[in-house]
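Novice: Structure supplied as structure.cif; contents: mmCIF, N, CA and C atoms.
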```
data_query
#
loop_
_atom_site.label_atom_id
_atom_site.label_comp_id
_atom_site.auth_asym_id
_atom_site.auth_seq_id
_atom_site.Cartn_x
_atom_site.Cartn_y
_atom_site.Cartn_z
N MET Q 61 0.84 -1.17 0.00
CA MET Q 61 0.00 0.00 0.00
C MET Q 61 0.89 1.24 0.00
N LYS Q 62 0.52 2.20 -0.81
CA LYS Q 62 1.23 3.47 -0.86
C LYS Q 62 0.59 4.46 0.10
N TYR Q 63 1.43 5.28 0.72
CA TYR Q 63 0.96 6.36 1.60
C TYR Q 63 1.29 7.66 0.90
N ARG Q 64 0.29 8.51 0.79
CA ARG Q 64 0.46 9.80 0.12
C ARG Q 64 0.41 10.92 1.15
N VAL Q 65 1.30 11.88 0.97
CA VAL Q 65 1.28 13.09 1.80
C VAL Q 65 0.76 14.22 0.93
N HIS Q 66 -0.37 14.77 1.34
CA HIS Q 66 -1.00 15.90 0.66
C HIS Q 66 -0.84 17.15 1.52
N ILE Q 67 -1.07 18.29 0.90
CA ILE Q 67 -1.03 19.56 1.60
C ILE Q 67 -2.45 20.09 1.72
N ASP Q 68 -2.83 20.44 2.93
CA ASP Q 68 -4.15 21.01 3.20
C ASP Q 68 -3.98 22.50 3.46
N THR Q 69 -4.93 23.29 2.97
CA THR Q 69 -4.92 24.73 3.23
C THR Q 69 -6.32 25.16 3.64
N ASN Q 70 -6.39 26.24 4.37
CA ASN Q 70 -7.69 26.78 4.76
C ASN Q 70 -8.43 27.35 3.56
N TYR Q 71 -7.71 27.75 2.53
CA TYR Q 71 -8.34 28.34 1.36
C TYR Q 71 -9.20 27.34 0.60
N HIS Q 72 -8.86 26.05 0.74
CA HIS Q 72 -9.57 25.01 -0.01
C HIS Q 72 -10.11 23.93 0.91
N GLN Q 73 -10.58 24.28 2.08
CA GLN Q 73 -11.03 23.30 3.06
C GLN Q 73 -12.07 22.35 2.52
N MET Q 74 -13.01 22.82 1.77
CA MET Q 74 -14.11 21.99 1.30
C MET Q 74 -13.84 21.34 -0.06
N ASP Q 75 -12.76 21.73 -0.70
CA ASP Q 75 -12.44 21.21 -2.03
C ASP Q 75 -11.29 20.23 -1.94
N THR Q 76 -11.61 18.95 -1.79
CA THR Q 76 -10.57 17.93 -1.62
C THR Q 76 -9.71 17.76 -2.87
N SER Q 77 -10.20 18.19 -4.03
CA SER Q 77 -9.40 18.08 -5.25
C SER Q 77 -8.31 19.14 -5.29
N ALA Q 78 -8.38 20.14 -4.42
CA ALA Q 78 -7.40 21.23 -4.42
C ALA Q 78 -6.28 20.98 -3.40
N ARG Q 79 -6.15 19.75 -2.95
CA ARG Q 79 -5.10 19.40 -1.99
C ARG Q 79 -3.95 18.75 -2.75
N PRO Q 80 -2.90 19.51 -3.04
CA PRO Q 80 -1.82 18.97 -3.86
C PRO Q 80 -1.08 17.82 -3.17
N LEU Q 81 -0.57 16.92 -3.99
CA LEU Q 81 0.22 15.80 -3.51
C LEU Q 81 1.65 16.28 -3.29
N LEU Q 82 2.17 16.09 -2.08
CA LEU Q 82 3.55 16.43 -1.78
C LEU Q 82 4.46 15.30 -2.24
N SER Q 83 4.12 14.07 -1.84
CA SER Q 83 4.91 12.91 -2.25
C SER Q 83 4.17 11.63 -1.89
N GLU Q 84 4.70 10.51 -2.37
CA GLU Q 84 4.13 9.20 -2.11
C GLU Q 84 5.21 8.31 -1.53
N TYR Q 85 4.85 7.47 -0.56
CA TYR Q 85 5.81 6.65 0.16
C TYR Q 85 5.32 5.20 0.28
N ASP Q 86 6.26 4.30 0.51
CA ASP Q 86 5.92 2.88 0.64
C ASP Q 86 5.47 2.50 2.04
N SER Q 87 5.77 3.31 3.04
CA SER Q 87 5.38 2.98 4.42
C SER Q 87 4.86 4.22 5.13
N TYR Q 88 4.10 3.97 6.18
CA TYR Q 88 3.59 5.06 7.00
C TYR Q 88 4.75 5.83 7.63
N GLU Q 89 5.77 5.12 8.09
CA GLU Q 89 6.91 5.76 8.74
C GLU Q 89 7.61 6.72 7.79
N GLU Q 90 7.76 6.32 6.52
CA GLU Q 90 8.38 7.21 5.53
C GLU Q 90 7.49 8.42 5.26
N ALA Q 91 6.19 8.20 5.18
CA ALA Q 91 5.26 9.30 4.96
C ALA Q 91 5.30 10.28 6.14
N LEU Q 92 5.35 9.74 7.34
CA LEU Q 92 5.43 10.57 8.54
C LEU Q 92 6.71 11.41 8.51
N ALA Q 93 7.82 10.79 8.16
CA ALA Q 93 9.09 11.52 8.07
C ALA Q 93 9.01 12.61 6.99
N GLY Q 94 8.36 12.31 5.87
CA GLY Q 94 8.22 13.29 4.80
C GLY Q 94 7.35 14.47 5.21
N ALA Q 95 6.26 14.20 5.90
CA ALA Q 95 5.38 15.27 6.37
C ALA Q 95 6.11 16.15 7.38
N ARG Q 96 6.82 15.52 8.29
CA ARG Q 96 7.59 16.28 9.29
C ARG Q 96 8.68 17.10 8.63
N ALA Q 97 9.36 16.52 7.64
CA ALA Q 97 10.43 17.25 6.95
C ALA Q 97 9.89 18.47 6.23
N HIS Q 98 8.70 18.36 5.66
CA HIS Q 98 8.09 19.51 4.98
C HIS Q 98 7.85 20.65 5.97
N ILE Q 99 7.33 20.31 7.14
CA ILE Q 99 7.09 21.33 8.17
C ILE Q 99 8.42 21.91 8.65
N ASP Q 100 9.41 21.05 8.88
CA ASP Q 100 10.72 21.53 9.33
C ASP Q 100 11.33 22.50 8.33
N GLU Q 101 11.18 22.21 7.03
CA GLU Q 101 11.72 23.10 6.00
C GLU Q 101 11.01 24.45 6.02
N MET Q 102 9.70 24.43 6.16
CA MET Q 102 8.96 25.69 6.21
C MET Q 102 9.38 26.52 7.42
N LEU Q 103 9.55 25.86 8.57
CA LEU Q 103 9.95 26.57 9.77
C LEU Q 103 11.37 27.12 9.64
N ALA Q 104 12.27 26.32 9.06
CA ALA Q 104 13.65 26.77 8.87
C ALA Q 104 13.71 27.99 7.96
N ASP Q 105 12.83 28.03 6.95
CA ASP Q 105 12.78 29.18 6.05
C ASP Q 105 12.34 30.46 6.78
N SER Q 106 11.52 30.29 7.81
CA SER Q 106 10.98 31.45 8.54
C SER Q 106 11.80 31.82 9.77
N ALA Q 107 12.66 30.92 10.21
CA ALA Q 107 13.42 31.16 11.44
C ALA Q 107 14.51 32.20 11.22
N THR Q 108 14.58 33.13 12.14
CA THR Q 108 15.64 34.14 12.13
C THR Q 108 16.22 34.19 13.54
N PRO Q 109 17.44 34.66 13.69
CA PRO Q 109 18.02 34.74 15.03
C PRO Q 109 17.12 35.55 15.97
N GLY Q 110 16.85 34.99 17.12
CA GLY Q 110 16.07 35.67 18.13
C GLY Q 110 14.56 35.56 17.98
N ILE Q 111 14.10 34.86 16.97
CA ILE Q 111 12.65 34.74 16.78
C ILE Q 111 12.06 33.87 17.90
N GLY Q 112 10.92 34.28 18.39
CA GLY Q 112 10.24 33.53 19.44
C GLY Q 112 9.36 32.44 18.85
N SER Q 113 8.97 31.50 19.68
CA SER Q 113 8.16 30.39 19.20
C SER Q 113 6.81 30.85 18.67
N GLU Q 114 6.22 31.85 19.29
CA GLU Q 114 4.91 32.34 18.82
C GLU Q 114 5.03 33.01 17.45
N GLU Q 115 6.10 33.77 17.26
CA GLU Q 115 6.33 34.41 15.96
C GLU Q 115 6.57 33.37 14.87
N LEU Q 116 7.35 32.36 15.22
CA LEU Q 116 7.64 31.30 14.26
C LEU Q 116 6.37 30.52 13.91
N LEU Q 117 5.56 30.24 14.92
CA LEU Q 117 4.30 29.55 14.67
C LEU Q 117 3.39 30.41 13.79
N GLN Q 118 3.36 31.70 14.04
CA GLN Q 118 2.52 32.60 13.22
C GLN Q 118 2.99 32.59 11.77
N ALA Q 119 4.29 32.54 11.55
CA ALA Q 119 4.82 32.47 10.18
C ALA Q 119 4.37 31.17 9.51
N PHE Q 120 4.37 30.08 10.26
CA PHE Q 120 3.91 28.79 9.74
C PHE Q 120 2.42 28.86 9.39
N ILE Q 121 1.63 29.41 10.28
CA ILE Q 121 0.19 29.52 10.07
C ILE Q 121 -0.10 30.39 8.85
N THR Q 122 0.67 31.45 8.68
CA THR Q 122 0.48 32.35 7.55
C THR Q 122 0.71 31.63 6.22
N ARG Q 123 1.67 30.72 6.20
CA ARG Q 123 1.92 29.97 4.95
C ARG Q 123 0.78 29.03 4.63
N ASP Q 124 0.07 28.58 5.66
CA ASP Q 124 -1.16 27.79 5.48
C ASP Q 124 -0.93 26.54 4.63
N GLU Q 125 0.10 25.78 4.95
CA GLU Q 125 0.38 24.52 4.28
C GLU Q 125 0.59 23.46 5.34
N VAL Q 126 -0.41 22.63 5.56
CA VAL Q 126 -0.30 21.59 6.58
C VAL Q 126 -0.39 20.22 5.91
N PRO Q 127 0.69 19.44 5.99
CA PRO Q 127 0.64 18.12 5.36
C PRO Q 127 -0.22 17.14 6.16
N PHE Q 128 -0.83 16.21 5.42
CA PHE Q 128 -1.57 15.12 6.05
C PHE Q 128 -1.33 13.85 5.24
N ILE Q 129 -1.55 12.71 5.88
CA ILE Q 129 -1.21 11.41 5.29
C ILE Q 129 -2.48 10.65 4.92
N VAL Q 130 -2.48 10.07 3.71
CA VAL Q 130 -3.59 9.24 3.22
C VAL Q 130 -3.00 7.92 2.74
N PRO Q 131 -3.52 6.76 3.06
CA PRO Q 131 -4.58 6.58 4.04
C PRO Q 131 -4.02 6.63 5.44
N ASP Q 132 -4.87 6.89 6.35
CA ASP Q 132 -4.47 6.99 7.74
C ASP Q 132 -5.04 5.80 8.51
N ASP Q 133 -5.09 4.67 7.87
CA ASP Q 133 -5.67 3.43 8.37
C ASP Q 133 -5.53 3.21 9.87
N SER Q 134 -4.79 2.23 10.27
CA SER Q 134 -4.68 1.90 11.70
C SER Q 134 -3.56 2.66 12.41
N ASN Q 135 -2.85 3.49 11.67
CA ASN Q 135 -1.76 4.27 12.27
C ASN Q 135 -2.32 5.48 12.99
N PRO Q 136 -1.57 5.99 13.96
CA PRO Q 136 -2.04 7.20 14.64
C PRO Q 136 -2.09 8.36 13.65
N PRO Q 137 -3.11 9.18 13.73
CA PRO Q 137 -3.21 10.32 12.79
C PRO Q 137 -2.06 11.30 13.02
N PHE Q 138 -1.60 11.90 11.94
CA PHE Q 138 -0.55 12.90 12.02
C PHE Q 138 -1.20 14.26 12.17
N ASP Q 139 -0.88 14.95 13.24
CA ASP Q 139 -1.39 16.30 13.49
C ASP Q 139 -0.28 17.30 13.16
N GLY Q 140 -0.32 17.81 11.95
CA GLY Q 140 0.73 18.71 11.47
C GLY Q 140 0.84 19.99 12.28
N ARG Q 141 -0.28 20.52 12.71
CA ARG Q 141 -0.25 21.77 13.50
C ARG Q 141 0.39 21.53 14.87
N ALA Q 142 0.08 20.41 15.50
CA ALA Q 142 0.68 20.09 16.80
C ALA Q 142 2.19 19.86 16.64
N TYR Q 143 2.57 19.19 15.57
CA TYR Q 143 4.00 18.97 15.31
C TYR Q 143 4.70 20.30 15.09
N ALA Q 144 4.09 21.19 14.32
CA ALA Q 144 4.69 22.51 14.07
C ALA Q 144 4.85 23.29 15.37
N LEU Q 145 3.86 23.25 16.22
CA LEU Q 145 3.95 23.96 17.50
C LEU Q 145 5.12 23.43 18.33
N ARG Q 146 5.24 22.11 18.40
CA ARG Q 146 6.35 21.52 19.16
C ARG Q 146 7.70 21.93 18.58
N ARG Q 147 7.82 21.90 17.24
CA ARG Q 147 9.07 22.27 16.59
C ARG Q 147 9.37 23.76 16.78
N CYS Q 148 8.35 24.60 16.77
CA CYS Q 148 8.57 26.04 17.00
C CYS Q 148 9.17 26.25 18.38
N ARG Q 149 8.64 25.57 19.35
CA ARG Q 149 9.17 25.70 20.71
C ARG Q 149 10.61 25.19 20.81
N GLU Q 150 10.89 24.07 20.13
CA GLU Q 150 12.25 23.53 20.14
C GLU Q 150 13.21 24.47 19.42
N MET Q 151 12.81 24.96 18.27
CA MET Q 151 13.70 25.83 17.49
C MET Q 151 13.95 27.15 18.17
N ALA Q 152 12.93 27.74 18.76
CA ALA Q 152 13.09 29.02 19.44
C ALA Q 152 13.93 28.84 20.71
N GLY Q 153 13.78 27.71 21.36
CA GLY Q 153 14.55 27.43 22.58
C GLY Q 153 16.01 27.18 22.28
N ALA Q 154 16.28 26.62 21.09
CA ALA Q 154 17.65 26.32 20.70
C ALA Q 154 18.38 27.56 20.24
N GLY Q 155 17.62 28.58 19.79
CA GLY Q 155 18.25 29.77 19.23
C GLY Q 155 18.58 30.72 20.31
#
```
Rewrite the structure from the file as structure tokens, please.
Specialist:
Amino acid sequence: MKYRVHIDTNYHQMDTSARPLLSEYDSYEEALAGARAHIDEMLADSATPGIGSEELLQAFITRDEVPFIVPDDSNPPFDGRAYALRRCREMAGAG
């Protein structure tokens, strides 16, 4: 079974055909890593020296690109926003 990582946006909440495919993976673990990597890249693009976690999270929210995994069968659902919040706190704390 293939796992697909799509991008969800608030602009197209009701239009499932407007959710672009980020990538396709052979396992849930690979899809999870891909979704997390996409968020990490977006956060790294927005991170500047001294930026706080709330500012970084706001930059992420403004981009409005949250990956999700299909199918999400028996695996735990991936919460991209919760992952982004955790990473914002880690990145701001490390800086």
Novice: So, with only C-alpha atoms as the atoms that count, which of Q:Leu145, Q:Ile129, Q:Leu82, Q:Leu117 lies closest to His98 of chain Q?
Specialist: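 Counting only C-alpha atoms, the residue closest to His98 of chain Q is Q:Leu82.
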Novice: Quick one: DSSP strand (DSSP E or B) residues in segment 65-144 of chain Q, as a PDB file with N, CA and C atoms, in the coordinates of the input?
Specialist:
```pdb
ATOM      1  N   VAL Q  65       1.300  11.880   0.970  1.00  0.00           N
ATOM      2  CA  VAL Q  65       1.280  13.090   1.800  1.00  0.00           C
ATOM      3  C   VAL Q  65       0.760  14.220   0.930  1.00  0.00           C
ATOM      4  N   HIS Q  66      -0.370  14.770   1.340  1.00  0.00           N
ATOM      5  CA  HIS Q  66      -1.000  15.900   0.660  1.00  0.00           C
ATOM      6  C   HIS Q  66      -0.840  17.150   1.520  1.00  0.00           C
ATOM      7  N   ILE Q  67      -1.070  18.290   0.900  1.00  0.00           N
ATOM      8  CA  ILE Q  67      -1.030  19.560   1.600  1.00  0.00           C
ATOM      9  C   ILE Q  67      -2.450  20.090   1.720  1.00  0.00           C
ATOM     10  N   ASP Q  68      -2.830  20.440   2.930  1.00  0.00           N
ATOM     11  CA  ASP Q  68      -4.150  21.010   3.200  1.00  0.00           C
ATOM     12  C   ASP Q  68      -3.980  22.500   3.460  1.00  0.00           C
ATOM     13  N   LEU Q  81      -0.570  16.920  -3.990  1.00  0.00           N
ATOM     14  CA  LEU Q  81       0.220  15.800  -3.510  1.00  0.00           C
ATOM     15  C   LEU Q  81       1.650  16.280  -3.290  1.00  0.00           C
ATOM     16  N   LEU Q  82       2.170  16.090  -2.080  1.00  0.00           N
ATOM     17  CA  LEU Q  82       3.550  16.430  -1.780  1.00  0.00           C
ATOM     18  C   LEU Q  82       4.460  15.300  -2.240  1.00  0.00           C
ATOM     19  N   SER Q  83       4.120  14.070  -1.840  1.00  0.00           N
ATOM     20  CA  SER Q  83       4.910  12.910  -2.250  1.00  0.00           C
ATOM     21  C   SER Q  83       4.170  11.630  -1.890  1.00  0.00           C
ATOM     22  N   GLU Q  84       4.700  10.510  -2.370  1.00  0.00           N
ATOM     23  CA  GLU Q  84       4.130   9.200  -2.110  1.00  0.00           C
ATOM     24  C   GLU Q  84       5.210   8.310  -1.530  1.00  0.00           C
ATOM     25  N   TYR Q  85       4.850   7.470  -0.560  1.00  0.00           N
ATOM     26  CA  TYR Q  85       5.810   6.650   0.160  1.00  0.00           C
ATOM     27  C   TYR Q  85       5.320   5.200   0.280  1.00  0.00           C
ATOM     28  N   VAL Q 126      -0.410  22.630   5.560  1.00  0.00           N
ATOM     29  CA  VAL Q 126      -0.300  21.590   6.580  1.00  0.00           C
ATOM     30  C   VAL Q 126      -0.390  20.220   5.910  1.00  0.00           C
ATOM     31  N   PRO Q 127       0.690  19.440   5.990  1.00  0.00           N
ATOM     32  CA  PRO Q 127       0.640  18.120   5.360  1.00  0.00           C
ATOM     33  C   PRO Q 127      -0.220  17.140   6.160  1.00  0.00           C
ATOM     34  N   PHE Q 128      -0.830  16.210   5.420  1.00  0.00           N
ATOM     35  CA  PHE Q 128      -1.570  15.120   6.050  1.00  0.00           C
ATOM     36  C   PHE Q 128      -1.330  13.850   5.240  1.00  0.00           C
ATOM     37  N   ILE Q 129      -1.550  12.710   5.880  1.00  0.00           N
ATOM     38  CA  ILE Q 129      -1.210  11.410   5.290  1.00  0.00           C
ATOM     39  C   ILE Q 129      -2.480  10.650   4.920  1.00  0.00           C
ATOM     40  N   VAL Q 130      -2.480  10.070   3.710  1.00  0.00           N
ATOM     41  CA  VAL Q 130      -3.590   9.240   3.220  1.00  0.00           C
ATOM     42  C   VAL Q 130      -3.000   7.920   2.740  1.00  0.00           C
TER      43      VAL Q 130
END
```
Novice: Dump as a PyMOL selection string all residues having an atom at most 12 Å from (7.0, 11.8, -7.1), computed in the file's coordinates with only C-alpha atoms.
Specialist: chain Q and resi 62-66+80-86
Novice: Around all listed atoms of segment 129-137 of chain Q, padded 8 Å per side, what centre and edge lengths does the axis-aligned box have in Å to one decimal, as JSON?
Specialist:
```
{"center_x": -3.4, "center_y": 7.3, "center_z": 8.7, "size_x": 20.5, "size_y": 26.8, "size_z": 27.9}
```
Novice: I'd like the contact shell of segment 99-110 of chain Q - 8 Å cut-off, all atoms listed in the file, skipping same-chain residues fewer than 5 positions apart - returned as a list in words.
Specialist: Ala93, Gly94, Glu115, Leu116, Leu117, Ala119, Phe120, Glu125, Val126, Pro127, Gly140, Tyr143, Ala144, Arg147, Cys148, Met151, Ala152 and Gly155 of chain Q
Novice: Please identify all polymer residues within 9 Å of Leu92 of chain Q, counting only C-alpha atoms, omitting same-chain residues fewer than 2 positions from it, and present them as a list of chain:residue names.
Specialist: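 Using only C-alpha atoms, the neighbours found are Q:Val65, Q:Ser87, Q:Tyr88, Q:Glu89, Q:Glu90, Q:Gly94, Q:Ala95, Q:Arg96, Q:Ala97, Q:Phe128, Q:Ile129, Q:Phe138.
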Novice: I need the residue nearest Ile111 of chain Q from this list: Q:Met61, Q:Gly153, Q:Arg141, Q:Pro136. Use only N, CA and C atoms for the distance.
Specialist: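 The answer is Q:Gly153, which sits nearest to Ile111 of chain Q.
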Novice: I need the residues of chain Q that end up classed as alpha helix (DSSP H) by DSSP on the backbone, written out as a PyMOL selection string.
Specialist: chain Q and resi 88-106+113-123+140-154
Novice: What would the file look like if the residues just selected were written as a tab-separated table (two decimals), in the coordinates of the input with N, CA and C atoms?
Specialist:
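Now in out_16.tsv:
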```
chain	number	residue	atom	x	y	z
Q	88	TYR	N	4.10	3.97	6.18
Q	88	TYR	CA	3.59	5.06	7.00
Q	88	TYR	C	4.75	5.83	7.63
Q	89	GLU	N	5.77	5.12	8.09
Q	89	GLU	CA	6.91	5.76	8.74
Q	89	GLU	C	7.61	6.72	7.79
Q	90	GLU	N	7.76	6.32	6.52
Q	90	GLU	CA	8.38	7.21	5.53
Q	90	GLU	C	7.49	8.42	5.26
Q	91	ALA	N	6.19	8.20	5.18
Q	91	ALA	CA	5.26	9.30	4.96
Q	91	ALA	C	5.30	10.28	6.14
Q	92	LEU	N	5.35	9.74	7.34
Q	92	LEU	CA	5.43	10.57	8.54
Q	92	LEU	C	6.71	11.41	8.51
Q	93	ALA	N	7.82	10.79	8.16
Q	93	ALA	CA	9.09	11.52	8.07
Q	93	ALA	C	9.01	12.61	6.99
Q	94	GLY	N	8.36	12.31	5.87
Q	94	GLY	CA	8.22	13.29	4.80
Q	94	GLY	C	7.35	14.47	5.21
Q	95	ALA	N	6.26	14.20	5.90
Q	95	ALA	CA	5.38	15.27	6.37
Q	95	ALA	C	6.11	16.15	7.38
Q	96	ARG	N	6.82	15.52	8.29
Q	96	ARG	CA	7.59	16.28	9.29
Q	96	ARG	C	8.68	17.10	8.63
Q	97	ALA	N	9.36	16.52	7.64
Q	97	ALA	CA	10.43	17.25	6.95
Q	97	ALA	C	9.89	18.47	6.23
Q	98	HIS	N	8.70	18.36	5.66
Q	98	HIS	CA	8.09	19.51	4.98
Q	98	HIS	C	7.85	20.65	5.97
Q	99	ILE	N	7.33	20.31	7.14
Q	99	ILE	CA	7.09	21.33	8.17
Q	99	ILE	C	8.42	21.91	8.65
Q	100	ASP	N	9.41	21.05	8.88
Q	100	ASP	CA	10.72	21.53	9.33
Q	100	ASP	C	11.33	22.50	8.33
Q	101	GLU	N	11.18	22.21	7.03
Q	101	GLU	CA	11.72	23.10	6.00
Q	101	GLU	C	11.01	24.45	6.02
Q	102	MET	N	9.70	24.43	6.16
Q	102	MET	CA	8.96	25.69	6.21
Q	102	MET	C	9.38	26.52	7.42
Q	103	LEU	N	9.55	25.86	8.57
Q	103	LEU	CA	9.95	26.57	9.77
Q	103	LEU	C	11.37	27.12	9.64
Q	104	ALA	N	12.27	26.32	9.06
Q	104	ALA	CA	13.65	26.77	8.87
Q	104	ALA	C	13.71	27.99	7.96
Q	105	ASP	N	12.83	28.03	6.95
Q	105	ASP	CA	12.78	29.18	6.05
Q	105	ASP	C	12.34	30.46	6.78
Q	106	SER	N	11.52	30.29	7.81
Q	106	SER	CA	10.98	31.45	8.54
Q	106	SER	C	11.80	31.82	9.77
Q	113	SER	N	8.97	31.50	19.68
Q	113	SER	CA	8.16	30.39	19.20
Q	113	SER	C	6.81	30.85	18.67
Q	114	GLU	N	6.22	31.85	19.29
Q	114	GLU	CA	4.91	32.34	18.82
Q	114	GLU	C	5.03	33.01	17.45
Q	115	GLU	N	6.10	33.77	17.26
Q	115	GLU	CA	6.33	34.41	15.96
Q	115	GLU	C	6.57	33.37	14.87
Q	116	LEU	N	7.35	32.36	15.22
Q	116	LEU	CA	7.64	31.30	14.26
Q	116	LEU	C	6.37	30.52	13.91
Q	117	LEU	N	5.56	30.24	14.92
Q	117	LEU	CA	4.30	29.55	14.67
Q	117	LEU	C	3.39	30.41	13.79
Q	118	GLN	N	3.36	31.70	14.04
Q	118	GLN	CA	2.52	32.60	13.22
Q	118	GLN	C	2.99	32.59	11.77
Q	119	ALA	N	4.29	32.54	11.55
Q	119	ALA	CA	4.82	32.47	10.18
Q	119	ALA	C	4.37	31.17	9.51
Q	120	PHE	N	4.37	30.08	10.26
Q	120	PHE	CA	3.91	28.79	9.74
Q	120	PHE	C	2.42	28.86	9.39
Q	121	ILE	N	1.63	29.41	10.28
Q	121	ILE	CA	0.19	29.52	10.07
Q	121	ILE	C	-0.10	30.39	8.85
Q	122	THR	N	0.67	31.45	8.68
Q	122	THR	CA	0.48	32.35	7.55
Q	122	THR	C	0.71	31.63	6.22
Q	123	ARG	N	1.67	30.72	6.20
Q	123	ARG	CA	1.92	29.97	4.95
Q	123	ARG	C	0.78	29.03	4.63
Q	140	GLY	N	-0.32	17.81	11.95
Q	140	GLY	CA	0.73	18.71	11.47
Q	140	GLY	C	0.84	19.99	12.28
Q	141	ARG	N	-0.28	20.52	12.71
Q	141	ARG	CA	-0.25	21.77	13.50
Q	141	ARG	C	0.39	21.53	14.87
Q	142	ALA	N	0.08	20.41	15.50
Q	142	ALA	CA	0.68	20.09	16.80
Q	142	ALA	C	2.19	19.86	16.64
Q	143	TYR	N	2.57	19.19	15.57
Q	143	TYR	CA	4.00	18.97	15.31
Q	143	TYR	C	4.70	20.30	15.09
Q	144	ALA	N	4.09	21.19	14.32
Q	144	ALA	CA	4.69	22.51	14.07
Q	144	ALA	C	4.85	23.29	15.37
Q	145	LEU	N	3.86	23.25	16.22
Q	145	LEU	CA	3.95	23.96	17.50
Q	145	LEU	C	5.12	23.43	18.33
Q	146	ARG	N	5.24	22.11	18.40
Q	146	ARG	CA	6.35	21.52	19.16
Q	146	ARG	C	7.70	21.93	18.58
Q	147	ARG	N	7.82	21.90	17.24
Q	147	ARG	CA	9.07	22.27	16.59
Q	147	ARG	C	9.37	23.76	16.78
Q	148	CYS	N	8.35	24.60	16.77
Q	148	CYS	CA	8.57	26.04	17.00
Q	148	CYS	C	9.17	26.25	18.38
Q	149	ARG	N	8.64	25.57	19.35
Q	149	ARG	CA	9.17	25.70	20.71
Q	149	ARG	C	10.61	25.19	20.81
Q	150	GLU	N	10.89	24.07	20.13
Q	150	GLU	CA	12.25	23.53	20.14
Q	150	GLU	C	13.21	24.47	19.42
Q	151	MET	N	12.81	24.96	18.27
Q	151	MET	CA	13.70	25.83	17.49
Q	151	MET	C	13.95	27.15	18.17
Q	152	ALA	N	12.93	27.74	18.76
Q	152	ALA	CA	13.09	29.02	19.44
Q	152	ALA	C	13.93	28.84	20.71
Q	153	GLY	N	13.78	27.71	21.36
Q	153	GLY	CA	14.55	27.43	22.58
Q	153	GLY	C	16.01	27.18	22.28
Q	154	ALA	N	16.28	26.62	21.09
Q	154	ALA	CA	17.65	26.32	20.70
Q	154	ALA	C	18.38	27.56	20.24
```
Novice: Give me, please, the distance in Å between atom CA of Thr69 of chain Q and atom CA of Pro131 of chain Q, quoted to one decimal.
Specialist: 18.2 Å
Novice: Measuring between only C-alpha atoms, which one of Q:Ala142, Q:Asn135, Q:Arg149, Q:Ala91 shows the shortest distance to Ser113 of chain Q?
Specialist: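 Looking at the shortest contact to Ser113 of chain Q, the residue is Q:Arg149.
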Novice: What does the distance between atom C of Asp68 of chain Q and atom CA of Asp124 of chain Q come to in Å, to one decimal place?
Specialist: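 Separation between atom C of Asp68 of chain Q and atom CA of Asp124 of chain Q: 6.3 Å.
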Novice: Report, in Å to a single decimal, how far apart atom C of Arg146 of chain Q and atom C of Val130 of chain Q are.
Specialist: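 Spanning atom C of Val130 of chain Q to atom C of Arg146 of chain Q is a straight-line distance of 23.7 Å.
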